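Q: Coordinates in model_7.pdb, PDB, C-alpha atoms, are listed below.
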```
ATOM      1  CA  PRO A 254      -0.463 -11.877  10.678  1.00  0.00           C
ATOM      2  CA  LYS A 255      -0.616 -10.000   7.411  1.00  0.00           C
ATOM      3  CA  ASP A 256       1.157  -9.464   4.116  1.00  0.00           C
ATOM      4  CA  VAL A 257       1.633  -5.829   3.120  1.00  0.00           C
ATOM      5  CA  VAL A 258       3.045  -4.272  -0.030  1.00  0.00           C
ATOM      6  CA  ILE A 259       3.534  -0.514   0.318  1.00  0.00           C
ATOM      7  CA  VAL A 260       3.416   1.272  -3.061  1.00  0.00           C
ATOM      8  CA  VAL A 261       4.429   4.950  -3.017  1.00  0.00           C
ATOM      9  CA  ASP A 262       4.478   7.604  -5.733  1.00  0.00           C
ATOM     10  CA  VAL A 263       7.853   9.418  -5.865  1.00  0.00           C
ATOM     11  CA  SER A 264       7.210  11.448  -9.034  1.00  0.00           C
ATOM     12  CA  GLY A 265       8.263  15.060  -9.464  1.00  0.00           C
ATOM     13  CA  SER A 266       4.985  16.476  -8.170  1.00  0.00           C
ATOM     14  CA  MET A 267       5.783  15.004  -4.746  1.00  0.00           C
ATOM     15  CA  SER A 268       8.167  17.932  -4.293  1.00  0.00           C
ATOM     16  CA  LYS A 269       5.140  20.194  -3.757  1.00  0.00           C
ATOM     17  CA  ASN A 270       3.958  21.117  -0.268  1.00  0.00           C
ATOM     18  CA  GLY A 271       6.377  18.761   1.454  1.00  0.00           C
ATOM     19  CA  ARG A 272       4.612  15.680   0.078  1.00  0.00           C
ATOM     20  CA  ALA A 273       7.794  13.643  -0.432  1.00  0.00           C
ATOM     21  CA  ASP A 274       8.836  14.115   3.171  1.00  0.00           C
ATOM     22  CA  LEU A 275       5.310  13.320   4.321  1.00  0.00           C
ATOM     23  CA  ALA A 276       5.183  10.118   2.257  1.00  0.00           C
ATOM     24  CA  GLN A 277       8.579   9.077   3.546  1.00  0.00           C
ATOM     25  CA  ARG A 278       7.528   9.601   7.164  1.00  0.00           C
ATOM     26  CA  ALA A 279       4.275   7.726   6.571  1.00  0.00           C
ATOM     27  CA  THR A 280       6.191   4.769   5.126  1.00  0.00           C
ATOM     28  CA  LEU A 281       8.554   4.701   8.105  1.00  0.00           C
ATOM     29  CA  THR A 282       5.570   4.768  10.470  1.00  0.00           C
ATOM     30  CA  LEU A 283       3.875   1.928   8.578  1.00  0.00           C
ATOM     31  CA  LEU A 284       6.919  -0.238   9.240  1.00  0.00           C
ATOM     32  CA  GLU A 285       6.288   0.230  12.953  1.00  0.00           C
ATOM     33  CA  THR A 286       2.891  -1.471  12.558  1.00  0.00           C
ATOM     34  CA  LEU A 287       4.605  -4.682  11.411  1.00  0.00           C
ATOM     35  CA  GLU A 288       6.315  -7.448  13.368  1.00  0.00           C
ATOM     36  CA  TRP A 289       8.091 -10.758  12.759  1.00  0.00           C
ATOM     37  CA  LYS A 290       4.928 -12.649  11.827  1.00  0.00           C
ATOM     38  CA  ASP A 291       4.082 -10.063   9.149  1.00  0.00           C
ATOM     39  CA  TYR A 292       5.600 -10.026   5.663  1.00  0.00           C
ATOM     40  CA  ALA A 293       6.152  -6.896   3.605  1.00  0.00           C
ATOM     41  CA  SER A 294       7.939  -5.145   0.772  1.00  0.00           C
ATOM     42  CA  ILE A 295       8.060  -1.568  -0.519  1.00  0.00           C
ATOM     43  CA  ILE A 296       7.774  -0.266  -4.087  1.00  0.00           C
ATOM     44  CA  LEU A 297       8.592   3.298  -5.090  1.00  0.00           C
ATOM     45  CA  PHE A 298       7.370   4.415  -8.501  1.00  0.00           C
ATOM     46  CA  ASN A 299       7.357   7.376 -10.865  1.00  0.00           C
ATOM     47  CA  ASN A 300       7.220   6.998 -14.666  1.00  0.00           C
ATOM     48  CA  GLY A 301       8.221   3.395 -14.008  1.00  0.00           C
ATOM     49  CA  VAL A 302       9.290   1.332 -11.016  1.00  0.00           C
ATOM     50  CA  TYR A 303      11.939   3.471  -9.309  1.00  0.00           C
ATOM     51  CA  LYS A 304      13.099   0.860  -6.816  1.00  0.00           C
ATOM     52  CA  VAL A 305      11.856  -2.175  -4.887  1.00  0.00           C
ATOM     53  CA  TYR A 306      12.991  -3.206  -1.420  1.00  0.00           C
ATOM     54  CA  SER A 307      12.690  -6.922  -2.187  1.00  0.00           C
ATOM     55  CA  ASP A 308      11.151  -8.892  -5.051  1.00  0.00           C
ATOM     56  CA  THR A 309       9.493 -11.089  -2.433  1.00  0.00           C
ATOM     57  CA  MET A 310       7.981 -10.031   0.864  1.00  0.00           C
ATOM     58  CA  VAL A 311      10.170 -10.459   3.932  1.00  0.00           C
ATOM     59  CA  SER A 312       9.409 -11.197   7.570  1.00  0.00           C
ATOM     60  CA  VAL A 313       9.598  -7.887   9.416  1.00  0.00           C
ATOM     61  CA  ASP A 314      11.614  -8.722  12.506  1.00  0.00           C
ATOM     62  CA  ALA A 315      13.506  -5.975  14.337  1.00  0.00           C
ATOM     63  CA  CYS A 316      16.646  -6.362  12.239  1.00  0.00           C
ATOM     64  CA  THR A 317      14.754  -6.344   8.941  1.00  0.00           C
ATOM     65  CA  ARG A 318      12.688  -3.343  10.024  1.00  0.00           C
ATOM     66  CA  SER A 319      15.900  -1.385  10.634  1.00  0.00           C
ATOM     67  CA  LYS A 320      17.177  -2.322   7.170  1.00  0.00           C
ATOM     68  CA  MET A 321      13.886  -1.334   5.573  1.00  0.00           C
ATOM     69  CA  LYS A 322      13.923   2.023   7.355  1.00  0.00           C
ATOM     70  CA  ALA A 323      17.442   2.713   6.133  1.00  0.00           C
ATOM     71  CA  TRP A 324      16.342   1.846   2.583  1.00  0.00           C
ATOM     72  CA  VAL A 325      13.333   4.162   2.819  1.00  0.00           C
ATOM     73  CA  SER A 326      15.608   6.999   3.922  1.00  0.00           C
ATOM     74  CA  THR A 327      17.639   6.876   0.692  1.00  0.00           C
ATOM     75  CA  GLY A 328      16.948   7.848  -2.903  1.00  0.00           C
ATOM     76  CA  ASP A 329      15.114  10.680  -4.619  1.00  0.00           C
ATOM     77  CA  TRP A 330      11.476  10.814  -3.527  1.00  0.00           C
ATOM     78  CA  ALA A 331      10.452  13.458  -6.081  1.00  0.00           C
ATOM     79  CA  GLN A 332      11.443  12.890  -9.710  1.00  0.00           C
ATOM     80  CA  GLY A 333       9.898  11.804 -13.024  1.00  0.00           C
ATOM     81  CA  GLY A 334       6.340  11.167 -14.160  1.00  0.00           C
ATOM     82  CA  THR A 335       3.592   8.874 -12.869  1.00  0.00           C
ATOM     83  CA  ASN A 336       2.787   5.335 -14.022  1.00  0.00           C
ATOM     84  CA  PHE A 337       0.128   3.468 -12.041  1.00  0.00           C
ATOM     85  CA  LYS A 338       0.228   0.422 -14.317  1.00  0.00           C
ATOM     86  CA  ALA A 339       3.924  -0.274 -13.775  1.00  0.00           C
ATOM     87  CA  ALA A 340       3.606   0.199 -10.028  1.00  0.00           C
ATOM     88  CA  LEU A 341       0.660  -2.151  -9.581  1.00  0.00           C
ATOM     89  CA  SER A 342       2.099  -4.733 -11.965  1.00  0.00           C
ATOM     90  CA  GLU A 343       5.210  -4.851  -9.787  1.00  0.00           C
ATOM     91  CA  ALA A 344       3.125  -5.153  -6.623  1.00  0.00           C
ATOM     92  CA  PHE A 345       1.263  -8.160  -8.009  1.00  0.00           C
ATOM     93  CA  LYS A 346       4.562  -9.738  -9.130  1.00  0.00           C
ATOM     94  CA  VAL A 347       5.962  -9.373  -5.618  1.00  0.00           C
ATOM     95  CA  ILE A 348       2.893 -11.008  -4.091  1.00  0.00           C
ATOM     96  CA  ASP A 349       2.778 -13.811  -6.669  1.00  0.00           C
ATOM     97  CA  LYS A 350       6.457 -14.657  -6.194  1.00  0.00           C
ATOM     98  CA  SER A 351       6.143 -14.450  -2.420  1.00  0.00           C
ATOM     99  CA  VAL A 352       3.248 -16.912  -2.368  1.00  0.00           C
ATOM    100  CA  GLN A 353       5.072 -19.275  -4.730  1.00  0.00           C
ATOM    101  CA  ASN A 354       8.163 -19.241  -2.497  1.00  0.00           C
ATOM    102  CA  GLY A 355       6.371 -19.389   0.840  1.00  0.00           C
ATOM    103  CA  HIS A 356       7.365 -15.845   1.850  1.00  0.00           C
ATOM    104  CA  THR A 357       3.938 -15.100   3.258  1.00  0.00           C
ATOM    105  CA  SER A 358       2.016 -15.079   6.519  1.00  0.00           C
ATOM    106  CA  MET A 359      -0.665 -17.175   4.780  1.00  0.00           C
ATOM    107  CA  CYS A 360      -3.152 -14.614   6.043  1.00  0.00           C
ATOM    108  CA  GLN A 361      -4.572 -11.240   4.984  1.00  0.00           C
ATOM    109  CA  LYS A 362      -2.894  -9.446   2.107  1.00  0.00           C
ATOM    110  CA  ALA A 363      -2.988  -5.726   1.459  1.00  0.00           C
ATOM    111  CA  ILE A 364      -1.642  -3.257  -1.060  1.00  0.00           C
ATOM    112  CA  LEU A 365      -1.278   0.272   0.327  1.00  0.00           C
ATOM    113  CA  PHE A 366      -1.171   2.606  -2.681  1.00  0.00           C
ATOM    114  CA  LEU A 367      -0.256   6.282  -2.267  1.00  0.00           C
ATOM    115  CA  THR A 368      -0.181   8.841  -5.075  1.00  0.00           C
ATOM    116  CA  ASP A 369      -0.493  12.583  -5.579  1.00  0.00           C
ATOM    117  CA  GLY A 370      -0.742  12.318  -9.348  1.00  0.00           C
ATOM    118  CA  ASP A 371      -2.814  11.511 -12.380  1.00  0.00           C
ATOM    119  CA  ALA A 372      -1.999   8.646 -14.739  1.00  0.00           C
ATOM    120  CA  GLU A 373      -3.540   6.563 -17.511  1.00  0.00           C
ATOM    121  CA  PHE A 374      -5.604   3.655 -16.217  1.00  0.00           C
ATOM    122  CA  ASP A 375      -8.299   2.060 -18.370  1.00  0.00           C
ATOM    123  CA  GLU A 376     -11.057  -0.513 -17.951  1.00  0.00           C
ATOM    124  CA  ALA A 377      -8.739  -3.416 -18.777  1.00  0.00           C
ATOM    125  CA  ASP A 378      -6.386  -2.266 -16.003  1.00  0.00           C
ATOM    126  CA  TYR A 379      -9.207  -2.196 -13.450  1.00  0.00           C
ATOM    127  CA  LEU A 380     -10.269  -5.684 -14.491  1.00  0.00           C
ATOM    128  CA  ASN A 381      -6.717  -6.988 -14.260  1.00  0.00           C
ATOM    129  CA  ALA A 382      -6.307  -5.501 -10.792  1.00  0.00           C
ATOM    130  CA  GLN A 383      -9.569  -7.077  -9.667  1.00  0.00           C
ATOM    131  CA  THR A 384      -8.599 -10.462 -11.089  1.00  0.00           C
ATOM    132  CA  LYS A 385      -5.180 -10.434  -9.445  1.00  0.00           C
ATOM    133  CA  SER A 386      -6.694  -9.302  -6.159  1.00  0.00           C
ATOM    134  CA  GLN A 387      -9.206 -12.138  -6.204  1.00  0.00           C
ATOM    135  CA  GLU A 388      -6.496 -14.688  -6.993  1.00  0.00           C
ATOM    136  CA  ASN A 389      -4.515 -13.801  -3.871  1.00  0.00           C
ATOM    137  CA  ASP A 390      -7.259 -12.337  -1.665  1.00  0.00           C
ATOM    138  CA  ILE A 391      -5.777  -8.827  -1.697  1.00  0.00           C
ATOM    139  CA  THR A 392      -7.413  -5.766  -0.183  1.00  0.00           C
ATOM    140  CA  PHE A 393      -6.565  -2.293  -1.513  1.00  0.00           C
ATOM    141  CA  PHE A 394      -6.025   0.735   0.694  1.00  0.00           C
ATOM    142  CA  THR A 395      -5.595   3.783  -1.517  1.00  0.00           C
ATOM    143  CA  TYR A 396      -4.552   7.311  -0.633  1.00  0.00           C
ATOM    144  CA  ALA A 397      -4.905  10.321  -2.952  1.00  0.00           C
ATOM    145  CA  LEU A 398      -2.652  13.037  -1.573  1.00  0.00           C
ATOM    146  CA  GLY A 399      -3.105  16.736  -2.337  1.00  0.00           C
ATOM    147  CA  SER A 400      -5.175  18.708  -4.818  1.00  0.00           C
ATOM    148  CA  GLY A 401      -3.744  17.138  -7.986  1.00  0.00           C
ATOM    149  CA  ALA A 402      -4.250  13.495  -7.068  1.00  0.00           C
ATOM    150  CA  ASP A 403      -6.397  11.238  -9.246  1.00  0.00           C
ATOM    151  CA  VAL A 404      -9.306  10.555  -6.920  1.00  0.00           C
ATOM    152  CA  THR A 405     -11.191   8.522  -9.531  1.00  0.00           C
ATOM    153  CA  VAL A 406      -8.573   5.789  -9.952  1.00  0.00           C
ATOM    154  CA  CYS A 407      -7.727   5.505  -6.267  1.00  0.00           C
ATOM    155  CA  LYS A 408     -11.368   5.342  -5.247  1.00  0.00           C
ATOM    156  CA  ARG A 409     -12.302   2.682  -7.786  1.00  0.00           C
ATOM    157  CA  LEU A 410      -9.275   0.518  -6.980  1.00  0.00           C
ATOM    158  CA  ALA A 411     -10.401   0.447  -3.360  1.00  0.00           C
ATOM    159  CA  CYS A 412     -14.071  -0.111  -4.172  1.00  0.00           C
ATOM    160  CA  ASP A 413     -13.372  -2.875  -6.690  1.00  0.00           C
ATOM    161  CA  ASN A 414     -11.116  -4.708  -4.256  1.00  0.00           C
ATOM    162  CA  ARG A 415     -12.949  -4.596  -0.909  1.00  0.00           C
ATOM    163  CA  GLY A 416     -10.799  -1.813   0.413  1.00  0.00           C
ATOM    164  CA  VAL A 417     -10.805   1.728   1.727  1.00  0.00           C
ATOM    165  CA  PHE A 418     -10.079   4.964  -0.121  1.00  0.00           C
ATOM    166  CA  TYR A 419      -8.846   8.157   1.510  1.00  0.00           C
ATOM    167  CA  SER A 420      -8.601  11.600  -0.049  1.00  0.00           C
ATOM    168  CA  VAL A 421      -5.935  13.356   2.010  1.00  0.00           C
ATOM    169  CA  PRO A 422      -5.393  17.114   1.649  1.00  0.00           C
ATOM    170  CA  ASP A 423      -1.865  18.483   1.880  1.00  0.00           C
ATOM    171  CA  SER A 424      -2.719  19.658   5.372  1.00  0.00           C
ATOM    172  CA  GLY A 425      -4.030  16.225   6.379  1.00  0.00           C
ATOM    173  CA  ASP A 426      -2.397  13.805   8.804  1.00  0.00           C
ATOM    174  CA  LEU A 427      -1.222  11.274   6.214  1.00  0.00           C
ATOM    175  CA  VAL A 428       1.110   9.517   8.654  1.00  0.00           C
ATOM    176  CA  ASN A 429      -1.683   8.710  11.093  1.00  0.00           C
ATOM    177  CA  ILE A 430      -4.262   7.939   8.416  1.00  0.00           C
ATOM    178  CA  MET A 431      -2.057   5.381   6.651  1.00  0.00           C
ATOM    179  CA  SER A 432      -1.020   3.702   9.885  1.00  0.00           C
ATOM    180  CA  GLN A 433      -4.653   2.892  10.733  1.00  0.00           C
ATOM    181  CA  TYR A 434      -5.081   0.357   7.899  1.00  0.00           C
ATOM    182  CA  TYR A 435      -4.764  -2.578  10.296  1.00  0.00           C
ATOM    183  CA  ALA A 436      -8.038  -1.652  12.020  1.00  0.00           C
ATOM    184  CA  PHE A 437      -9.840  -2.842   8.889  1.00  0.00           C
ATOM    185  CA  PHE A 438      -8.584  -6.370   9.504  1.00  0.00           C
ATOM    186  CA  ALA A 439      -9.402  -6.509  13.202  1.00  0.00           C
ATOM    187  CA  ALA A 440     -12.629  -8.504  12.943  1.00  0.00           C
ATOM    188  CA  GLY A 441     -11.000 -11.389  11.080  1.00  0.00           C
ATOM    189  CA  GLN A 442      -7.597 -11.332  12.759  1.00  0.00           C
ATOM    190  CA  GLU A 443      -7.962 -14.283  15.140  1.00  0.00           C
ATOM    191  CA  LYS A 444      -9.342 -16.727  12.599  1.00  0.00           C
ATOM    192  CA  CYS A 445      -7.169 -15.425   9.793  1.00  0.00           C
ATOM    193  CA  GLU A 446     -10.175 -15.114   7.531  1.00  0.00           C
ATOM    194  CA  SER A 447     -11.448 -12.346   5.283  1.00  0.00           C
ATOM    195  CA  SER A 448     -14.051 -10.766   7.520  1.00  0.00           C
ATOM    196  CA  PHE A 449     -14.377  -7.120   6.610  1.00  0.00           C
ATOM    197  CA  THR A 450     -16.805  -5.054   8.630  1.00  0.00           C
ATOM    198  CA  SER A 451     -17.842  -1.426   8.987  1.00  0.00           C
ATOM    199  CA  TYR A 452     -15.863   0.635  11.472  1.00  0.00           C
ATOM    200  CA  VAL A 453     -15.419   4.265  12.432  1.00  0.00           C
ATOM    201  CA  ASP A 454     -12.079   5.717  11.340  1.00  0.00           C
ATOM    202  CA  ILE A 455     -10.440   7.046  14.491  1.00  0.00           C
ATOM    203  CA  VAL A 456      -8.771   9.862  12.550  1.00  0.00           C
ATOM    204  CA  THR A 457     -11.716  11.289  10.602  1.00  0.00           C
ATOM    205  CA  GLY A 458     -14.657   9.879  12.560  1.00  0.00           C
ATOM    206  CA  THR A 459     -16.082   8.641   9.260  1.00  0.00           C
ATOM    207  CA  ARG A 460     -17.882   5.292   9.196  1.00  0.00           C
ATOM    208  CA  LEU A 461     -16.291   3.035   6.553  1.00  0.00           C
TER
END
```
The structure in this file should be written as structure tokens.
A:
Amino acid sequence: PKDVVIVVDVSGSMSKNGRADLAQRATLTLLETLEWKDYASIILFNNGVYKVYSDTMVSVDACTRSKMKAWVSTGDWAQGGTNFKAALSEAFKVIDKSVQNGHTSMCQKAILFLTDGDAEFDEADYLNAQTKSQENDITFFTYALGSGADVTVCKRLACDNRGVFYSVPDSGDLVNIMSQYYAFFAAGQEKCESSFTSYVDIVTGTRL
């Protein structure tokens, strides 16, 4: 079981090179990795929080998955600026409220953060993210898409929070790369403990 908050950049630059369509397809594929014992929500952001599927995570049974897919398939996936702070603040709020209300698997928690942009993020923001991650035992999986993505922020968010960072070129297989996040949890799955080990990414062949 796992808790997953999917955070996706839908700013104007996502209109380049088919990135919006790619991000949308990746999000739909991620939903296929979840089942009834998993809890999840989705946050789309640009210069602020564009929209949120649910302010608490929900159990992803077949019916809910269909509703989430329909939600993902609506809206404008390429408009506005880029605000990492607002997006991550919302993600932490969703997790906090979910835990408080028992909308959680009581197991591993992950934030999957995808962006193709560059945004202000200072030392205090890194510290806040690390503090919030430690409070709820959250692992970050970050994905910098395309040539204009802020590799520095994405990489540090993953490194500070026991996660994995991917730099994905526009020609890369984002859908497959994002859907492999669960392999990172495999070692601790049965005991439902944080047991993160090195593994070889099946997409890139890189040892992580």
Q: When distances are computed from only C-alpha atoms, which of A:Asp314, A:Asp378, A:Asp349, A:Asp369 shows the smallest separation from Leu427 in chain A?
A: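 Of all the options, A:Asp369 lies closest to Leu427 in chain A.
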Q: Within 8 Å of range 276-288 of chain A, counting only C-alpha atoms, which residues qualify if same-chain residues fewer than 2 places away don't, as a list in words?
A: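 In the requested form, the answer reads Ile259, Val261, Arg272, Ala273, Asp274, Lys290, Asp291, Tyr292, Ser312, Val313, Asp314, Ala315, Arg318, Met321, Lys322, Val325, Ser326, Trp330, Leu427, Val428, Asn429, Met431 and Ser432 of chain A.
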Q: Write a file of the selected residues as an mmCIF file, keeping the file's coordinate frame, keeping C-alpha atoms.
A:
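The result, written out as out33.cif:
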```cif
data_model
loop_
_atom_site.group_PDB
_atom_site.id
_atom_site.type_symbol
_atom_site.label_atom_id
_atom_site.label_comp_id
_atom_site.auth_asym_id
_atom_site.auth_seq_id
_atom_site.Cartn_x
_atom_site.Cartn_y
_atom_site.Cartn_z
ATOM 1 C CA ILE A 259 3.534 -0.514 0.318
ATOM 2 C CA VAL A 261 4.429 4.950 -3.017
ATOM 3 C CA ARG A 272 4.612 15.680 0.078
ATOM 4 C CA ALA A 273 7.794 13.643 -0.432
ATOM 5 C CA ASP A 274 8.836 14.115 3.171
ATOM 6 C CA LYS A 290 4.928 -12.649 11.827
ATOM 7 C CA ASP A 291 4.082 -10.063 9.149
ATOM 8 C CA TYR A 292 5.600 -10.026 5.663
ATOM 9 C CA SER A 312 9.409 -11.197 7.570
ATOM 10 C CA VAL A 313 9.598 -7.887 9.416
ATOM 11 C CA ASP A 314 11.614 -8.722 12.506
ATOM 12 C CA ALA A 315 13.506 -5.975 14.337
ATOM 13 C CA ARG A 318 12.688 -3.343 10.024
ATOM 14 C CA MET A 321 13.886 -1.334 5.573
ATOM 15 C CA LYS A 322 13.923 2.023 7.355
ATOM 16 C CA VAL A 325 13.333 4.162 2.819
ATOM 17 C CA SER A 326 15.608 6.999 3.922
ATOM 18 C CA TRP A 330 11.476 10.814 -3.527
ATOM 19 C CA LEU A 427 -1.222 11.274 6.214
ATOM 20 C CA VAL A 428 1.110 9.517 8.654
ATOM 21 C CA ASN A 429 -1.683 8.710 11.093
ATOM 22 C CA MET A 431 -2.057 5.381 6.651
ATOM 23 C CA SER A 432 -1.020 3.702 9.885
#
```
Q: If we count only C-alpha atoms, what is near range 394-403 of chain A at a cut-off of 9 Å, once residues fewer than 3 positions away on the same chain are taken out, given as a ChimeraX atom specification?
A: /A:266,270,272,363-372,406-408,410-411,414-425,427,431,434
Q: Would you save the residues of that selection, restricted to C-alpha atoms, as a short mmCIF file (atom, residue, chain, number, x, y, z; two decimals), keeping the file's coordinate frame?
A:
```cif
data_model
loop_
_atom_site.label_atom_id
_atom_site.label_comp_id
_atom_site.auth_asym_id
_atom_site.auth_seq_id
_atom_site.Cartn_x
_atom_site.Cartn_y
_atom_site.Cartn_z
CA SER A 266 4.99 16.48 -8.17
CA ASN A 270 3.96 21.12 -0.27
CA ARG A 272 4.61 15.68 0.08
CA ALA A 363 -2.99 -5.73 1.46
CA ILE A 364 -1.64 -3.26 -1.06
CA LEU A 365 -1.28 0.27 0.33
CA PHE A 366 -1.17 2.61 -2.68
CA LEU A 367 -0.26 6.28 -2.27
CA THR A 368 -0.18 8.84 -5.08
CA ASP A 369 -0.49 12.58 -5.58
CA GLY A 370 -0.74 12.32 -9.35
CA ASP A 371 -2.81 11.51 -12.38
CA ALA A 372 -2.00 8.65 -14.74
CA VAL A 406 -8.57 5.79 -9.95
CA CYS A 407 -7.73 5.50 -6.27
CA LYS A 408 -11.37 5.34 -5.25
CA LEU A 410 -9.28 0.52 -6.98
CA ALA A 411 -10.40 0.45 -3.36
CA ASN A 414 -11.12 -4.71 -4.26
CA ARG A 415 -12.95 -4.60 -0.91
CA GLY A 416 -10.80 -1.81 0.41
CA VAL A 417 -10.80 1.73 1.73
CA PHE A 418 -10.08 4.96 -0.12
CA TYR A 419 -8.85 8.16 1.51
CA SER A 420 -8.60 11.60 -0.05
CA VAL A 421 -5.94 13.36 2.01
CA PRO A 422 -5.39 17.11 1.65
CA ASP A 423 -1.86 18.48 1.88
CA SER A 424 -2.72 19.66 5.37
CA GLY A 425 -4.03 16.23 6.38
CA LEU A 427 -1.22 11.27 6.21
CA MET A 431 -2.06 5.38 6.65
CA TYR A 434 -5.08 0.36 7.90
#
```
Q: Evaluate the PyMOL selection byres ((chain A and resi 347) around 9) and record the selected residues as a ChimeraX atom specification, following the chain and residue labels used in the document.
A: /A:258,294,307-310,342-346,348-352
Q: Can you spit out the residues from that selection as a tab-separated table (two decimals), in the coordinates of the input, using C-alpha atoms?
A:
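Contents of part-v3.tsv, freshly written:
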```
chain	number	residue	atom	x	y	z
A	258	VAL	CA	3.04	-4.27	-0.03
A	294	SER	CA	7.94	-5.14	0.77
A	307	SER	CA	12.69	-6.92	-2.19
A	308	ASP	CA	11.15	-8.89	-5.05
A	309	THR	CA	9.49	-11.09	-2.43
A	310	MET	CA	7.98	-10.03	0.86
A	342	SER	CA	2.10	-4.73	-11.96
A	343	GLU	CA	5.21	-4.85	-9.79
A	344	ALA	CA	3.12	-5.15	-6.62
A	345	PHE	CA	1.26	-8.16	-8.01
A	346	LYS	CA	4.56	-9.74	-9.13
A	348	ILE	CA	2.89	-11.01	-4.09
A	349	ASP	CA	2.78	-13.81	-6.67
A	350	LYS	CA	6.46	-14.66	-6.19
A	351	SER	CA	6.14	-14.45	-2.42
A	352	VAL	CA	3.25	-16.91	-2.37
```
Q: Looking at only C-alpha atoms, which of A:Ala382, A:Gln361, A:Phe438, A:Phe374 is the one that sits closest to Asp256 in chain A?
A: A:Gln361
Q: I'd like the interatomic distance between CA of Val404 in chain A and CA of Ala377 in chain A, to a tenth of an Å.
A: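 Computing it gives 18.3 Å between the two atoms.
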Q: Taking into account only C-alpha atoms, which residue in the set A:Gln383, A:Asn299, A:Thr392, A:Ser319 is nearest to Gln332 in chain A?
A: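 Looking at the shortest contact to Gln332 in chain A, the residue is A:Asn299.
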Q: Could you tell me how far CA of Asn336 in chain A lies from CA of Asn300 in chain A, in Å and to one decimal?
A: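 Separation of CA of Asn336 in chain A and CA of Asn300 in chain A: 4.8 Å.
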Q: Measure the distance from CA of Trp289 in chain A to CA of Gln433 in chain A in Å and round it to one decimal.
A: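 Between CA of Trp289 in chain A and CA of Gln433 in chain A the gap is 18.8 Å.
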Q: Looking at all atoms listed in the file, which of A:Ala436, A:Val311, A:Asp426, A:Leu341 is the one that sits closest to Tyr379 in chain A?
A: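 Between A:Ala436, A:Val311, A:Asp426, A:Leu341, the residue approaching Tyr379 in chain A most closely is A:Leu341.
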Q: Can you turn the PyMOL selection byres ((chain A and resi 389) around 9) into a concrete residue list for this file, as a list in words?
A: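 On this input, the PyMOL selection byres ((chain A and resi 389) around 9) captures Ile348, Asp349, Val352, Lys362, Thr384, Lys385, Ser386, Gln387, Glu388, Asp390 and Ile391 of chain A.
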Q: Translate the PyMOL selection byres ((chain A and resi 296) around 7) into a concrete residue list for this structure, as a PyMOL selection string.
A: chain A and resi 259-261+294-295+297-298+304-306
Q: Using all atoms listed in the file, which of A:Cys412, A:Ala293, A:Val302, A:Ile430 sits nearest Gly334 in chain A?
A: A:Val302
Q: Of the candidates A:Ser358, A:Lys338, A:Val257, A:Gln353, which shows the shortest atom-to-atom distance to Asn381 in chain A, using all atoms listed in the file?
A: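 Between A:Ser358, A:Lys338, A:Val257, A:Gln353, the residue approaching Asn381 in chain A most closely is A:Lys338.
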